[in-house]
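First the structure, in the form of structure tokens, and then the observations on it.
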Amino acid sequence: IVVPGEPMALSPMIGLQPCPFVFFRDGCGDVDSFRFLWSRMPCQLIPLKLISISESEETSSVSYDAMRLAAISTVAFEGDPVPGGMITRLWAFMSPNGKRVLFVLAEQGEDKGKTLHTRGDDKQLLLCLAGTSSARNGLVSALEPGLRPFQQEIVN
């Protein structure tokens with residue numbers, strides 16, 4: 001039996017859902033719950049430095065399903081000042097086996113750049129989402145369209 005078709009690439013984010021520990025009340029999420037989980041996540045990756053991309057580059061790595069998932073997993077948040085910049089966005093996800101992954105977008109001062117910080121309770125999940133260059137590109141384009149990670153290593 002031959003089933004003709006086109007190859008289809010799926011984002012590593014496709015199996016994730018909004019973290020119910022953060023989004024337990026409503027679709028806005030709870031910032032205090034996010035902070036509690038963030039402070040207790042045992043695994044983290046080196047922060048990804050993000051750079052802007054042109055519109056022609058943007059469409060090549062976009063997964064619209066991953067973008068929708070990121071939109072519903074964004075914690076409603078006014079922002080927090082931190083030394084040297086501002087935390088502007090928060091995302092909280094959970095995998096089907098109950099493992100969590102959290103993301104924080106930080107902006108440094110006047111156009112000094114953005115960084116994406118990642119923590120979770122399972123190193124394999126973190127590596128699945130950001131362990132390769134194409135996975136990092138897909139992740140960042142889903143969370144923040146128009147940006148991509150600067151090429152760098154993600155683990156020590």
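Naming works like this for the structure tokens: A, B, ... for the chains as they're shown, residue 1 at the start of each chain, ligands 1 onward in shown order.
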
>> When you look at range 42-55 of chain A with a cut-off of 12 Å (counting only C-alpha atoms), what residues show up, excluding the ones that are within fewer than 4 positions of it in the same chain? I need them as a PyMOL selection string.
In response: chain A and resi 37-38+59-62+99-108+111-131+133+136-137+139-141+143-156

> Any idea what's packed within 12 Å of Phe34 in chain A, counting only C-alpha atoms, ignoring anything in its chain fewer than 3 positions away? Could you give it as a ChimeraX atom specification?
Replying inline: /A:18-24,28-31,37-41,73-77,89-93,100-104,119-120

>> Quick check for you: according to DSSP on this backbone, which residues of chain A are classed as strand (DSSP E)? Reply as a ChimeraX atom specification.
In response: /A:17-18,43-52,80-82,85-94,100-108,114-120,147-149

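With only C-alpha atoms as the basis for measurement, A:Gly109 is the residue among A:Gly109, A:Ser11, A:Ser95, A:Ile1 that approaches Val82 in chain A most closely.
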
>> Please compute the CA of Ala70 in chain A-CA of Leu16 in chain A distance, one decimal, in Å.
In response: 9.5 Å
